[in-house]
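For reference, the structure discussed in these notes is given below.
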Amino acid sequence: MKPLIAGNWKMNGLKASLNEIEALGPAPAACDVLICPPATLIAAMAPAAARFGIATGGQDCHPDPSGAHTGDISAEMLKDAGARFVIVGHSERRADHGESDALVRAKAEAGLRAGLVPIVCVGETEIQRERGEAEAVVGGQLEGSLPKGDGFVIAYEPVWAIGAGRTPTLDDIAAMHAFIRKRTNERIRILYGGSVKPSNAKEILALPDVNGALVGGASLKAADFSAIIAAA
Ligand code: PGA
């Protein structure tokens, strides 16, 4: 399966940050590259990134196509702005905005309806892992938040590894990806996310059933993101 290296810029980036695209240069044929900038940059980024074979995505969407939802953005709007993917159910959305599995599934279905590829995020907290509940938690999130069909991507992101500079052991990542694979099918890409950086990308991306990475902090600087793409 062709790996997908996805950058999640979160709430970072102004117009000047589009220079990072020039610095990245063309995506290699061996992997798909995606950047999810803040929504304000999607329309400007999409054509610039497309010239390098890099896709653009949103970081969230509303389940409805339009309506009275002040401040929200629909999947159709993301698509219209040039997005091809949309991240849904990121742990920061689940935590900061109280997003339930059912809402995450509705957002993923909205992405599919609009012709986007949803990236559905799942992952346990540190306390859940310490209690031995990681698989039960991730299993429940998969059960509750995946849409039907197979036009989506799953990102396993242990909450305690995000922005933390630490990752699970390679064995733990492989075990969770095998667990997720058993609950999905062979056509679904399963990304790992949480403190992926140039120094650990190669060993993580070499694990079975790791079909790419969702990269936060290290996607903001072209030098780091390029090194991760090269590792794939
Ligand atoms: P990080 O974030 O790479 O900065 O840990 C990953 C994510 O939240 O998608």
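Here's how to read the names in the structure tokens: chain A, B, ... by the order shown, residue numbers from 1 in each chain, ligand numbers from 1 in the order shown.
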Quiz item: Near Gly139 in chain A, counting only C-alpha atoms, which residues have an atom at most 9 Å away, once you skip same-chain residues fewer than 2 positions from it, shown as a list of chain:residue names?
Solution: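 Close residues of Gly139 in chain A: A:Val122, A:Ala134, A:Glu135, A:Ala136, A:Val137, A:Gln141, A:Leu142, A:Glu143, A:Gly144, A:Phe179, A:Ile180, A:Arg183.
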Could you list, as a CSV table (one decimal) with N, CA and C atoms, in the first residue's frame, all the residues within 7 Å of ligand 1, counting only C-alpha atoms and all ligand atoms?
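That gives us pocket_14.csv:
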chain,number,residue,atom,x,y,z
A,8,ASN,N,-0.4,17.9,9.8
A,8,ASN,CA,-1.5,18.6,10.5
A,8,ASN,C,-0.9,19.9,11.1
A,157,GLU,N,-3.5,7.7,17.0
A,157,GLU,CA,-2.7,8.7,17.7
A,157,GLU,C,-2.9,8.6,19.2
A,161,ALA,N,1.0,10.8,23.4
A,161,ALA,CA,2.2,10.9,22.5
A,161,ALA,C,2.2,12.2,21.7
A,162,ILE,N,1.0,12.8,21.6
A,162,ILE,CA,0.8,14.0,20.7
A,162,ILE,C,1.6,15.2,21.3
A,163,GLY,N,2.5,15.7,20.6
A,163,GLY,CA,3.2,16.9,21.0
A,163,GLY,C,4.0,16.7,22.3
A,164,ALA,N,4.3,15.4,22.6
A,164,ALA,CA,4.9,15.1,23.9
A,164,ALA,C,6.4,14.8,23.7
A,165,GLY,N,6.8,14.5,22.4
A,165,GLY,CA,8.2,14.2,22.2
A,165,GLY,C,8.5,12.7,22.6
A,193,GLY,N,0.3,8.5,14.4
A,193,GLY,CA,0.5,9.9,14.7
A,193,GLY,C,0.9,10.0,16.2
A,194,GLY,N,1.7,11.0,16.5
A,194,GLY,CA,2.1,11.3,17.9
A,194,GLY,C,3.6,11.3,18.0
A,195,SER,N,4.2,12.6,17.9
A,195,SER,CA,5.6,12.8,18.0
A,195,SER,C,6.4,12.1,16.9
A,196,VAL,N,5.9,12.0,15.7
A,196,VAL,CA,6.7,11.5,14.6
A,196,VAL,C,7.6,12.6,14.2
A,214,LEU,N,0.6,10.7,10.5
A,214,LEU,CA,0.0,12.0,10.7
A,214,LEU,C,0.9,12.8,11.6
A,215,VAL,N,1.5,13.9,11.1
A,215,VAL,CA,2.6,14.6,11.7
A,215,VAL,C,2.1,16.0,12.1
A,216,GLY,N,2.3,16.3,13.3
A,216,GLY,CA,1.9,17.7,13.8
A,216,GLY,C,3.1,18.6,13.7
A,217,GLY,N,3.7,18.8,14.9
A,217,GLY,CA,4.8,19.7,15.0
A,217,GLY,C,5.9,19.7,13.9
A,218,ALA,N,6.3,18.4,13.6
A,218,ALA,CA,7.4,18.3,12.6
A,218,ALA,C,6.9,18.5,11.2
Exercise. Would you please give, as a PyMOL selection string, all residues of range 140-217 of chain A that DSSP assigns to helix (DSSP H, G or I) based on the backbone?
Key: chain A and resi 140-145+159-161+170-183+198-205+217
Those selected residues, please, written with N, CA and C atoms and delivered as a short mmCIF file (atom, residue, chain, number, x, y, z; two decimals), in the first residue's frame.
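Contents of part.cif, freshly written:
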data_model
loop_
_atom_site.label_atom_id
_atom_site.label_comp_id
_atom_site.auth_asym_id
_atom_site.auth_seq_id
_atom_site.Cartn_x
_atom_site.Cartn_y
_atom_site.Cartn_z
N GLY A 140 -13.57 0.70 20.84
CA GLY A 140 -14.84 1.43 20.99
C GLY A 140 -14.92 2.63 20.06
N GLN A 141 -13.79 3.34 19.92
CA GLN A 141 -13.78 4.51 19.03
C GLN A 141 -13.98 4.08 17.58
N LEU A 142 -13.35 2.96 17.20
CA LEU A 142 -13.51 2.46 15.82
C LEU A 142 -14.98 2.09 15.59
N GLU A 143 -15.52 1.35 16.55
CA GLU A 143 -16.91 0.91 16.47
C GLU A 143 -17.85 2.11 16.30
N GLY A 144 -17.56 3.17 17.08
CA GLY A 144 -18.48 4.31 17.12
C GLY A 144 -18.23 5.38 16.08
N SER A 145 -17.01 5.47 15.56
CA SER A 145 -16.76 6.65 14.70
C SER A 145 -16.40 6.36 13.26
N VAL A 159 -3.08 9.71 22.66
CA VAL A 159 -3.20 11.11 23.10
C VAL A 159 -1.94 11.55 23.84
N TRP A 160 -1.37 10.64 24.61
CA TRP A 160 -0.22 10.98 25.46
C TRP A 160 1.07 11.14 24.65
N ALA A 161 1.05 10.76 23.39
CA ALA A 161 2.25 10.91 22.55
C ALA A 161 2.19 12.18 21.70
N LEU A 170 8.00 0.46 19.62
CA LEU A 170 7.67 -0.04 18.28
C LEU A 170 6.74 -1.25 18.39
N ASP A 171 6.97 -2.08 19.40
CA ASP A 171 6.10 -3.25 19.60
C ASP A 171 4.67 -2.82 19.91
N ASP A 172 4.53 -1.78 20.72
CA ASP A 172 3.18 -1.32 21.07
C ASP A 172 2.47 -0.71 19.86
N ILE A 173 3.23 0.02 19.04
CA ILE A 173 2.61 0.59 17.83
C ILE A 173 2.17 -0.54 16.90
N ALA A 174 3.07 -1.52 16.70
CA ALA A 174 2.73 -2.64 15.80
C ALA A 174 1.53 -3.41 16.33
N ALA A 175 1.47 -3.60 17.64
CA ALA A 175 0.36 -4.36 18.22
C ALA A 175 -0.97 -3.63 18.01
N MET A 176 -0.95 -2.31 18.21
CA MET A 176 -2.21 -1.57 18.05
C MET A 176 -2.64 -1.53 16.58
N HIS A 177 -1.66 -1.39 15.69
CA HIS A 177 -2.02 -1.37 14.26
C HIS A 177 -2.57 -2.73 13.81
N ALA A 178 -2.01 -3.81 14.37
CA ALA A 178 -2.54 -5.15 14.04
C ALA A 178 -3.96 -5.30 14.58
N PHE A 179 -4.18 -4.76 15.76
CA PHE A 179 -5.52 -4.79 16.38
C PHE A 179 -6.52 -4.03 15.50
N ILE A 180 -6.10 -2.84 15.02
CA ILE A 180 -6.99 -2.03 14.17
C ILE A 180 -7.23 -2.74 12.83
N ARG A 181 -6.15 -3.31 12.28
CA ARG A 181 -6.29 -4.00 10.99
C ARG A 181 -7.33 -5.10 11.07
N LYS A 182 -7.34 -5.83 12.17
CA LYS A 182 -8.30 -6.93 12.33
C LYS A 182 -9.74 -6.43 12.30
N ARG A 183 -9.93 -5.17 12.68
CA ARG A 183 -11.28 -4.62 12.73
C ARG A 183 -11.66 -3.85 11.46
N PRO A 198 11.88 13.32 12.23
CA PRO A 198 12.85 12.72 11.33
C PRO A 198 13.62 11.56 11.98
N SER A 199 13.89 11.66 13.28
CA SER A 199 14.73 10.64 13.93
C SER A 199 14.01 9.32 14.18
N ASN A 200 12.67 9.31 14.21
CA ASN A 200 11.99 8.03 14.47
C ASN A 200 11.10 7.57 13.32
N ALA A 201 10.99 8.40 12.27
CA ALA A 201 10.02 8.10 11.20
C ALA A 201 10.33 6.77 10.51
N LYS A 202 11.60 6.53 10.23
CA LYS A 202 11.94 5.36 9.43
C LYS A 202 11.53 4.06 10.13
N GLU A 203 11.84 3.96 11.42
CA GLU A 203 11.52 2.70 12.12
C GLU A 203 10.02 2.54 12.34
N ILE A 204 9.33 3.65 12.55
CA ILE A 204 7.87 3.55 12.73
C ILE A 204 7.20 3.17 11.41
N LEU A 205 7.64 3.83 10.32
CA LEU A 205 7.00 3.59 9.02
C LEU A 205 7.32 2.20 8.46
N GLY A 217 3.73 18.78 14.89
CA GLY A 217 4.82 19.74 15.03
C GLY A 217 5.87 19.66 13.93
#
Mind dumping a table of every range 49-131 of chain A residue within 12 Å of range 11-23 of chain A, with the nearest atom pair and its distance in Å to one decimal, using only C-alpha atoms, sorted by chain and rising number, as a Markdown table?
| residue | atom | partner | partner_atom | distance |
| --- | --- | --- | --- | --- |
| A:Ala49 | CA | A:Ile21 | CA | 6.3 |
| A:Ala50 | CA | A:Ile21 | CA | 9.9 |
| A:Arg51 | CA | A:Ile21 | CA | 9.8 |
| A:Phe52 | CA | A:Ile21 | CA | 8.2 |
| A:Gly53 | CA | A:Ile21 | CA | 10.7 |
| A:Ile54 | CA | A:Ile21 | CA | 8.7 |
| A:Ala55 | CA | A:Ile21 | CA | 10.9 |
| A:Thr56 | CA | A:Ile21 | CA | 10.9 |
| A:Gly58 | CA | A:Met11 | CA | 11.6 |
| A:Gln59 | CA | A:Met11 | CA | 9.5 |
| A:Asp60 | CA | A:Met11 | CA | 11.7 |
| A:Glu92 | CA | A:Met11 | CA | 11.1 |
| A:Arg93 | CA | A:Met11 | CA | 11.9 |
Quiz item: Just asking: which residues within range 64-172 of chain A are strand (DSSP E or B) according to DSSP, as a VMD selection string?
Solution: chain A and resid 74 85 to 88 117 to 122 153 to 156
Nearby residues (only C-alpha atoms) at most 12 Å from range 106-111 of chain A, same-chain spacing under 2 positions excluded, as an mmCIF file with N, CA, C and O atoms, in the first residue's frame:
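Saved the output as out-v1.cif:
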data_model
loop_
_atom_site.group_PDB
_atom_site.id
_atom_site.type_symbol
_atom_site.label_atom_id
_atom_site.label_comp_id
_atom_site.auth_asym_id
_atom_site.auth_seq_id
_atom_site.Cartn_x
_atom_site.Cartn_y
_atom_site.Cartn_z
ATOM 1 N N GLY A 57 -5.778 19.391 2.792
ATOM 2 C CA GLY A 57 -6.939 18.878 3.525
ATOM 3 C C GLY A 57 -7.379 19.824 4.622
ATOM 4 O O GLY A 57 -6.648 20.737 5.009
ATOM 5 N N GLY A 58 -8.596 19.593 5.118
ATOM 6 C CA GLY A 58 -9.114 20.340 6.258
ATOM 7 C C GLY A 58 -8.805 19.594 7.552
ATOM 8 O O GLY A 58 -8.416 18.421 7.533
ATOM 9 N N GLN A 59 -8.994 20.275 8.675
ATOM 10 C CA GLN A 59 -8.703 19.668 9.984
ATOM 11 C C GLN A 59 -9.962 19.242 10.729
ATOM 12 O O GLN A 59 -9.893 18.622 11.788
ATOM 13 N N ASP A 60 -11.119 19.620 10.168
ATOM 14 C CA ASP A 60 -12.401 19.336 10.818
ATOM 15 C C ASP A 60 -13.489 19.760 9.846
ATOM 16 O O ASP A 60 -13.218 20.542 8.925
ATOM 17 N N CYS A 61 -14.699 19.266 10.019
ATOM 18 C CA CYS A 61 -15.833 19.778 9.242
ATOM 19 C C CYS A 61 -17.103 19.613 10.060
ATOM 20 O O CYS A 61 -17.139 18.844 11.009
ATOM 21 N N HIS A 62 -18.140 20.356 9.678
ATOM 22 C CA HIS A 62 -19.469 20.190 10.279
ATOM 23 C C HIS A 62 -20.172 19.057 9.547
ATOM 24 O O HIS A 62 -19.925 18.856 8.359
ATOM 25 N N PRO A 63 -21.048 18.309 10.222
ATOM 26 C CA PRO A 63 -21.750 17.213 9.526
ATOM 27 C C PRO A 63 -22.713 17.692 8.429
ATOM 28 O O PRO A 63 -22.940 16.964 7.470
ATOM 29 N N ASP A 64 -23.276 18.899 8.568
ATOM 30 C CA ASP A 64 -24.259 19.366 7.586
ATOM 31 C C ASP A 64 -23.579 20.064 6.418
ATOM 32 O O ASP A 64 -22.529 20.671 6.581
ATOM 33 N N PRO A 65 -24.215 20.042 5.251
ATOM 34 C CA PRO A 65 -23.609 20.695 4.075
ATOM 35 C C PRO A 65 -23.661 22.219 4.153
ATOM 36 O O PRO A 65 -22.812 22.897 3.557
ATOM 37 N N SER A 66 -24.679 22.767 4.852
ATOM 38 C CA SER A 66 -24.803 24.229 4.993
ATOM 39 C C SER A 66 -25.820 24.468 6.097
ATOM 40 O O SER A 66 -26.458 23.530 6.573
ATOM 41 N N ASP A 72 -18.792 27.487 11.790
ATOM 42 C CA ASP A 72 -18.449 26.147 11.304
ATOM 43 C C ASP A 72 -18.201 26.149 9.801
ATOM 44 O O ASP A 72 -18.609 27.062 9.089
ATOM 45 N N ILE A 73 -17.558 25.084 9.349
ATOM 46 C CA ILE A 73 -17.221 24.936 7.926
ATOM 47 C C ILE A 73 -17.667 23.542 7.493
ATOM 48 O O ILE A 73 -17.372 22.561 8.175
ATOM 49 N N SER A 74 -18.384 23.457 6.369
ATOM 50 C CA SER A 74 -18.869 22.146 5.920
ATOM 51 C C SER A 74 -17.821 21.449 5.056
ATOM 52 O O SER A 74 -16.910 22.078 4.508
ATOM 53 N N ALA A 75 -18.007 20.148 4.903
ATOM 54 C CA ALA A 75 -17.120 19.358 4.047
ATOM 55 C C ALA A 75 -17.209 19.867 2.608
ATOM 56 O O ALA A 75 -16.195 19.909 1.899
ATOM 57 N N GLU A 76 -18.407 20.253 2.189
ATOM 58 C CA GLU A 76 -18.582 20.769 0.827
ATOM 59 C C GLU A 76 -17.769 22.050 0.628
ATOM 60 O O GLU A 76 -17.239 22.289 -0.464
ATOM 61 N N MET A 77 -17.703 22.885 1.667
ATOM 62 C CA MET A 77 -16.915 24.120 1.574
ATOM 63 C C MET A 77 -15.419 23.815 1.472
ATOM 64 O O MET A 77 -14.689 24.471 0.721
ATOM 65 N N LEU A 78 -14.978 22.825 2.237
ATOM 66 C CA LEU A 78 -13.560 22.433 2.167
ATOM 67 C C LEU A 78 -13.232 21.948 0.761
ATOM 68 O O LEU A 78 -12.211 22.318 0.172
ATOM 69 N N LYS A 79 -14.137 21.120 0.227
ATOM 70 C CA LYS A 79 -13.937 20.587 -1.120
ATOM 71 C C LYS A 79 -13.887 21.739 -2.140
ATOM 72 O O LYS A 79 -13.022 21.783 -3.016
ATOM 73 N N ALA A 83 -9.755 21.316 -0.962
ATOM 74 C CA ALA A 83 -9.314 20.200 -0.111
ATOM 75 C C ALA A 83 -9.682 18.869 -0.751
ATOM 76 O O ALA A 83 -10.677 18.766 -1.468
ATOM 77 N N ARG A 84 -8.870 17.854 -0.474
ATOM 78 C CA ARG A 84 -9.182 16.485 -0.919
ATOM 79 C C ARG A 84 -9.371 15.545 0.262
ATOM 80 O O ARG A 84 -9.929 14.466 0.108
ATOM 81 N N PHE A 85 -8.888 15.942 1.422
ATOM 82 C CA PHE A 85 -8.995 15.129 2.643
ATOM 83 C C PHE A 85 -9.596 15.990 3.751
ATOM 84 O O PHE A 85 -9.574 17.222 3.659
ATOM 85 N N VAL A 86 -10.080 15.335 4.801
ATOM 86 C CA VAL A 86 -10.447 16.076 6.008
ATOM 87 C C VAL A 86 -10.170 15.198 7.232
ATOM 88 O O VAL A 86 -10.556 14.033 7.269
ATOM 89 N N ILE A 87 -9.452 15.764 8.199
ATOM 90 C CA ILE A 87 -9.223 15.072 9.474
ATOM 91 C C ILE A 87 -10.502 15.202 10.301
ATOM 92 O O ILE A 87 -11.077 16.295 10.382
ATOM 93 N N VAL A 88 -10.961 14.104 10.886
ATOM 94 C CA VAL A 88 -12.104 14.187 11.814
ATOM 95 C C VAL A 88 -11.767 13.429 13.095
ATOM 96 O O VAL A 88 -11.028 12.446 13.073
ATOM 97 N N GLY A 89 -12.300 13.909 14.217
ATOM 98 C CA GLY A 89 -12.129 13.213 15.484
ATOM 99 C C GLY A 89 -10.734 13.284 16.056
ATOM 100 O O GLY A 89 -10.345 12.435 16.879
ATOM 101 N N HIS A 90 -9.958 14.296 15.658
ATOM 102 C CA HIS A 90 -8.645 14.457 16.298
ATOM 103 C C HIS A 90 -8.862 14.588 17.809
ATOM 104 O O HIS A 90 -9.846 15.169 18.258
ATOM 105 N N ARG A 93 -9.919 17.875 19.113
ATOM 106 C CA ARG A 93 -11.332 18.193 18.895
ATOM 107 C C ARG A 93 -12.197 17.415 19.883
ATOM 108 O O ARG A 93 -13.150 17.940 20.447
ATOM 109 N N GLU A 99 -16.288 16.299 21.367
ATOM 110 C CA GLU A 99 -16.847 15.553 20.237
ATOM 111 C C GLU A 99 -17.006 14.063 20.582
ATOM 112 O O GLU A 99 -16.055 13.416 21.019
ATOM 113 N N SER A 100 -18.211 13.545 20.381
ATOM 114 C CA SER A 100 -18.502 12.130 20.648
ATOM 115 C C SER A 100 -18.164 11.286 19.427
ATOM 116 O O SER A 100 -17.989 11.806 18.318
ATOM 117 N N ASP A 101 -18.101 9.968 19.635
ATOM 118 C CA ASP A 101 -17.896 9.063 18.502
ATOM 119 C C ASP A 101 -18.978 9.265 17.441
ATOM 120 O O ASP A 101 -18.693 9.249 16.243
ATOM 121 N N ALA A 102 -20.216 9.443 17.893
ATOM 122 C CA ALA A 102 -21.324 9.582 16.929
ATOM 123 C C ALA A 102 -21.133 10.843 16.079
ATOM 124 O O ALA A 102 -21.370 10.825 14.863
ATOM 125 N N LEU A 103 -20.681 11.922 16.704
ATOM 126 C CA LEU A 103 -20.451 13.156 15.942
ATOM 127 C C LEU A 103 -19.286 12.963 14.967
ATOM 128 O O LEU A 103 -19.346 13.413 13.818
ATOM 129 N N VAL A 104 -18.248 12.277 15.441
ATOM 130 C CA VAL A 104 -17.090 12.040 14.564
ATOM 131 C C VAL A 104 -17.520 11.216 13.347
ATOM 132 O O VAL A 104 -17.124 11.504 12.219
ATOM 133 N N ARG A 113 -19.550 12.220 1.722
ATOM 134 C CA ARG A 113 -20.646 12.784 0.915
ATOM 135 C C ARG A 113 -20.116 13.890 -0.004
ATOM 136 O O ARG A 113 -20.525 14.022 -1.155
ATOM 137 N N ALA A 114 -19.156 14.668 0.526
ATOM 138 C CA ALA A 114 -18.615 15.799 -0.236
ATOM 139 C C ALA A 114 -17.510 15.377 -1.203
ATOM 140 O O ALA A 114 -16.981 16.202 -1.942
ATOM 141 N N GLY A 115 -17.151 14.100 -1.172
ATOM 142 C CA GLY A 115 -16.086 13.634 -2.075
ATOM 143 C C GLY A 115 -14.695 13.814 -1.504
ATOM 144 O O GLY A 115 -13.707 13.831 -2.233
ATOM 145 N N LEU A 116 -14.614 13.946 -0.166
ATOM 146 C CA LEU A 116 -13.309 14.042 0.498
ATOM 147 C C LEU A 116 -12.945 12.686 1.105
ATOM 148 O O LEU A 116 -13.814 11.843 1.318
ATOM 149 N N VAL A 117 -11.670 12.487 1.385
ATOM 150 C CA VAL A 117 -11.232 11.291 2.110
ATOM 151 C C VAL A 117 -11.102 11.671 3.582
ATOM 152 O O VAL A 117 -10.213 12.453 3.946
ATOM 153 N N PRO A 118 -11.981 11.140 4.440
ATOM 154 C CA PRO A 118 -11.854 11.450 5.865
ATOM 155 C C PRO A 118 -10.685 10.682 6.493
ATOM 156 O O PRO A 118 -10.447 9.520 6.156
ATOM 157 N N ILE A 119 -9.972 11.343 7.377
ATOM 158 C CA ILE A 119 -8.944 10.684 8.204
ATOM 159 C C ILE A 119 -9.504 10.653 9.621
ATOM 160 O O ILE A 119 -9.591 11.686 10.289
ATOM 161 N N VAL A 120 -9.939 9.472 10.045
ATOM 162 C CA VAL A 120 -10.625 9.343 11.337
ATOM 163 C C VAL A 120 -9.588 9.016 12.409
ATOM 164 O O VAL A 120 -8.896 7.993 12.319
ATOM 165 N N CYS A 121 -9.481 9.883 13.422
ATOM 166 C CA CYS A 121 -8.460 9.701 14.463
ATOM 167 C C CYS A 121 -9.015 8.959 15.672
ATOM 168 O O CYS A 121 -10.139 9.236 16.120
ATOM 169 N N LEU A 142 -13.346 2.959 17.199
ATOM 170 C CA LEU A 142 -13.513 2.464 15.824
ATOM 171 C C LEU A 142 -14.975 2.092 15.588
ATOM 172 O O LEU A 142 -15.582 2.463 14.584
ATOM 173 N N GLY A 144 -17.557 3.174 17.076
ATOM 174 C CA GLY A 144 -18.479 4.310 17.122
ATOM 175 C C GLY A 144 -18.232 5.375 16.083
ATOM 176 O O GLY A 144 -19.140 6.147 15.743
ATOM 177 N N SER A 145 -17.013 5.475 15.560
ATOM 178 C CA SER A 145 -16.762 6.646 14.705
ATOM 179 C C SER A 145 -16.401 6.362 13.256
ATOM 180 O O SER A 145 -16.310 7.299 12.467
ATOM 181 N N LEU A 146 -16.215 5.096 12.887
ATOM 182 C CA LEU A 146 -15.891 4.846 11.470
ATOM 183 C C LEU A 146 -17.146 4.895 10.607
ATOM 184 O O LEU A 146 -18.187 4.377 10.989
ATOM 185 N N PRO A 147 -17.028 5.488 9.423
ATOM 186 C CA PRO A 147 -18.163 5.444 8.496
ATOM 187 C C PRO A 147 -18.196 4.082 7.798
ATOM 188 O O PRO A 147 -17.289 3.280 7.971
ATOM 189 N N LYS A 148 -19.240 3.855 7.017
ATOM 190 C CA LYS A 148 -19.313 2.600 6.233
ATOM 191 C C LYS A 148 -18.384 2.698 5.021
ATOM 192 O O LYS A 148 -17.952 3.780 4.651
ATOM 193 N N GLY A 149 -18.116 1.550 4.413
ATOM 194 C CA GLY A 149 -17.313 1.542 3.187
ATOM 195 C C GLY A 149 -15.833 1.543 3.487
ATOM 196 O O GLY A 149 -15.413 1.193 4.597
ATOM 197 N N ASP A 150 -15.040 1.935 2.499
ATOM 198 C CA ASP A 150 -13.595 1.920 2.737
ATOM 199 C C ASP A 150 -12.886 3.133 2.124
ATOM 200 O O ASP A 150 -11.694 3.098 1.877
ATOM 201 N N GLY A 151 -13.604 4.197 1.901
ATOM 202 C CA GLY A 151 -12.984 5.378 1.300
ATOM 203 C C GLY A 151 -12.377 6.325 2.327
ATOM 204 O O GLY A 151 -12.330 7.533 2.104
ATOM 205 N N PHE A 152 -11.933 5.772 3.443
ATOM 206 C CA PHE A 152 -11.395 6.632 4.498
ATOM 207 C C PHE A 152 -10.042 6.109 4.966
ATOM 208 O O PHE A 152 -9.591 5.038 4.552
ATOM 209 N N VAL A 153 -9.404 6.884 5.819
ATOM 210 C CA VAL A 153 -8.106 6.542 6.403
ATOM 211 C C VAL A 153 -8.303 6.562 7.921
ATOM 212 O O VAL A 153 -9.115 7.335 8.426
ATOM 213 N N ILE A 154 -7.575 5.705 8.630
ATOM 214 C CA ILE A 154 -7.607 5.731 10.101
ATOM 215 C C ILE A 154 -6.257 6.249 10.588
ATOM 216 O O ILE A 154 -5.212 5.877 10.039
#
Quiz item: Rounded to one decimal in Å, what is the spacing between CA of Ala227 in chain A and CA of Pro38 in chain A?
Solution: 22.4 Å
Exercise. Kindly give the distance, in Å, that separates CA of Arg105 in chain A and CA of Val210 in chain A, rounded to a single decimal.
Key: 22.3 Å
Exercise. Tell me, in Å to one decimal, how far CA of Cys31 in chain A is from CA of Ser226 in chain A.
Key: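 Computing the Euclidean distance for CA of Cys31 in chain A and CA of Ser226 in chain A yields 11.9 Å.
Distance check against Gly123 in chain A using only C-alpha atoms: of A:Ser91, A:Thr169, A:Ser219, A:Thr184, the minimum falls on A:Ser91.
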Quiz prompt | For Glu126 in chain A, the nearest of the candidates A:Thr167, A:Arg189, A:Ala39, A:Gly7, counting only C-alpha atoms | solution = A:Thr167
